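Engineer: Shown below is the structure under consideration.
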Amino acid sequence: MMMQDREKIIFEVLKKVPKQNVVLIGGYGINAYVPPRFSIDCDLVVLNDLAEIEATLRRNGFVKAESGDVPYGNYIRYFREKEKVSFDLLVDSVLDRDTGIVFEGDLFKKYSKERGTVGKVNPIRIDMRIADPEVLFAVKFVSARRQDIRDIFMLAGEDLIWDLVAERVSEKCSSDLIVKRSRLIRRITQSKSYHDSLQGAYGKMPDERFDLCKRRLVEFLHRLAESDSSGQSNKI
């Protein structure tokens with residue numbers, strides 16, 4: 001099955017999911033702010049009405065993963081095996097498994113708004129509560145997988161409230177973790193091949209856009225280190 005067909009399934013089902021008590025995060029949350037990319041899973045922070053959301057997914061052919069196939073207790077995965085698409089439900093919090101850092105449901109409730117997200121190729125728009133870009137940046141800074149770094153690189157080109165990003169990161173991360181993540185992000189995004197590596201997800205990126213994202217990200221990492229050492233935040 002083609003990626004655009006999988007994306008279409010996600011959007012068709014997402015239209016039907018009760019939205020009053022969920023917050024969209026993950027790739028489709030990122031798509032609300034930057035040029036969209038493909039994703040075969042949809043991440044939802046569930047604040048309430050879990051049973052109703054699960055019932056909707058089951059009615060649309062999704063099957064709940066066995067408990068042994070999911071990594072932790074508040075994480076519930078529903079998938080359609082044939083099409084290889086899934087919905088990941090994060091019940092009232094988002095946990096980073098590697099660090100044990102938890103982003104509570106109240107944080108997503110406070111820092112989210114009604115927005116629209118779109119697909120990479122399908123002319124479909126979904127309006128629902130989506131996490132603010134500053135929170136998405138912080139969540140992905142903590143996990144810092146290669147895909148997460150790609151997302152925060154792209155978010156850096158947006159008009160973020162950098163003080164809020166620094167606040168979210170600093171309240172969750174130790175000084176050691178900030179240093180570790182910052183070094184990793186710099187090493188990956190400053191490689192000579194990084195510009196070309198983004199094309200697979202986003203298509204050709206203008207040099208001006210790439211340079212803007214890179215400059216803002218580097219400035220943020222530098223000032224994050226300064227604020228962490230001084231206990232003060234800095235604006236970019």
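Just so we're on the same page: first chain in the structure tokens is A, next is B, and so on; residues restart at 1 for each chain, and ligands are numbered from 1 in the order they show up.
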Which residues are near Tyr78 (chain A)? Cut-off 6 Å, only C-alpha atoms, ignore same chain within fewer than 5 positions. Put them as a PDB file with C-alpha atoms, in the first residue's frame.
Structural biologist:
```pdb
ATOM      1  CA  PHE A  62      -8.590  -1.130  14.245  1.00  0.00           C
ATOM      2  CA  VAL A  63      -7.467  -3.799  16.698  1.00  0.00           C
ATOM      3  CA  LYS A  64      -5.962  -3.165  20.118  1.00  0.00           C
ATOM      4  CA  ALA A  65      -2.374  -4.371  20.499  1.00  0.00           C
ATOM      5  CA  SER A  86      -1.953   2.852  13.737  1.00  0.00           C
ATOM      6  CA  PHE A  87      -3.330   5.214  16.357  1.00  0.00           C
TER       7      PHE A  87
END
```
Engineer: Please report, as a VMD selection string, each residue of region 39-236 of chain A to which DSSP assigns strand (DSSP E or B) when run on this structure's backbone.
Structural biologist: chain A and resid 41 to 46 63 to 64 75 to 80 85 to 91 93 to 95 102 to 104 112 to 118 125 to 131
Engineer: So that I can check the secondary structure, give me every residue of chain A assigned helix (DSSP H, G or I) by backbone DSSP, as a PyMOL selection string.
Structural biologist: chain A and resi 3-16+26-30+50-59+67-69+105-110+133-143+146-155+162-172+175-189+194-197+199-202+207-230
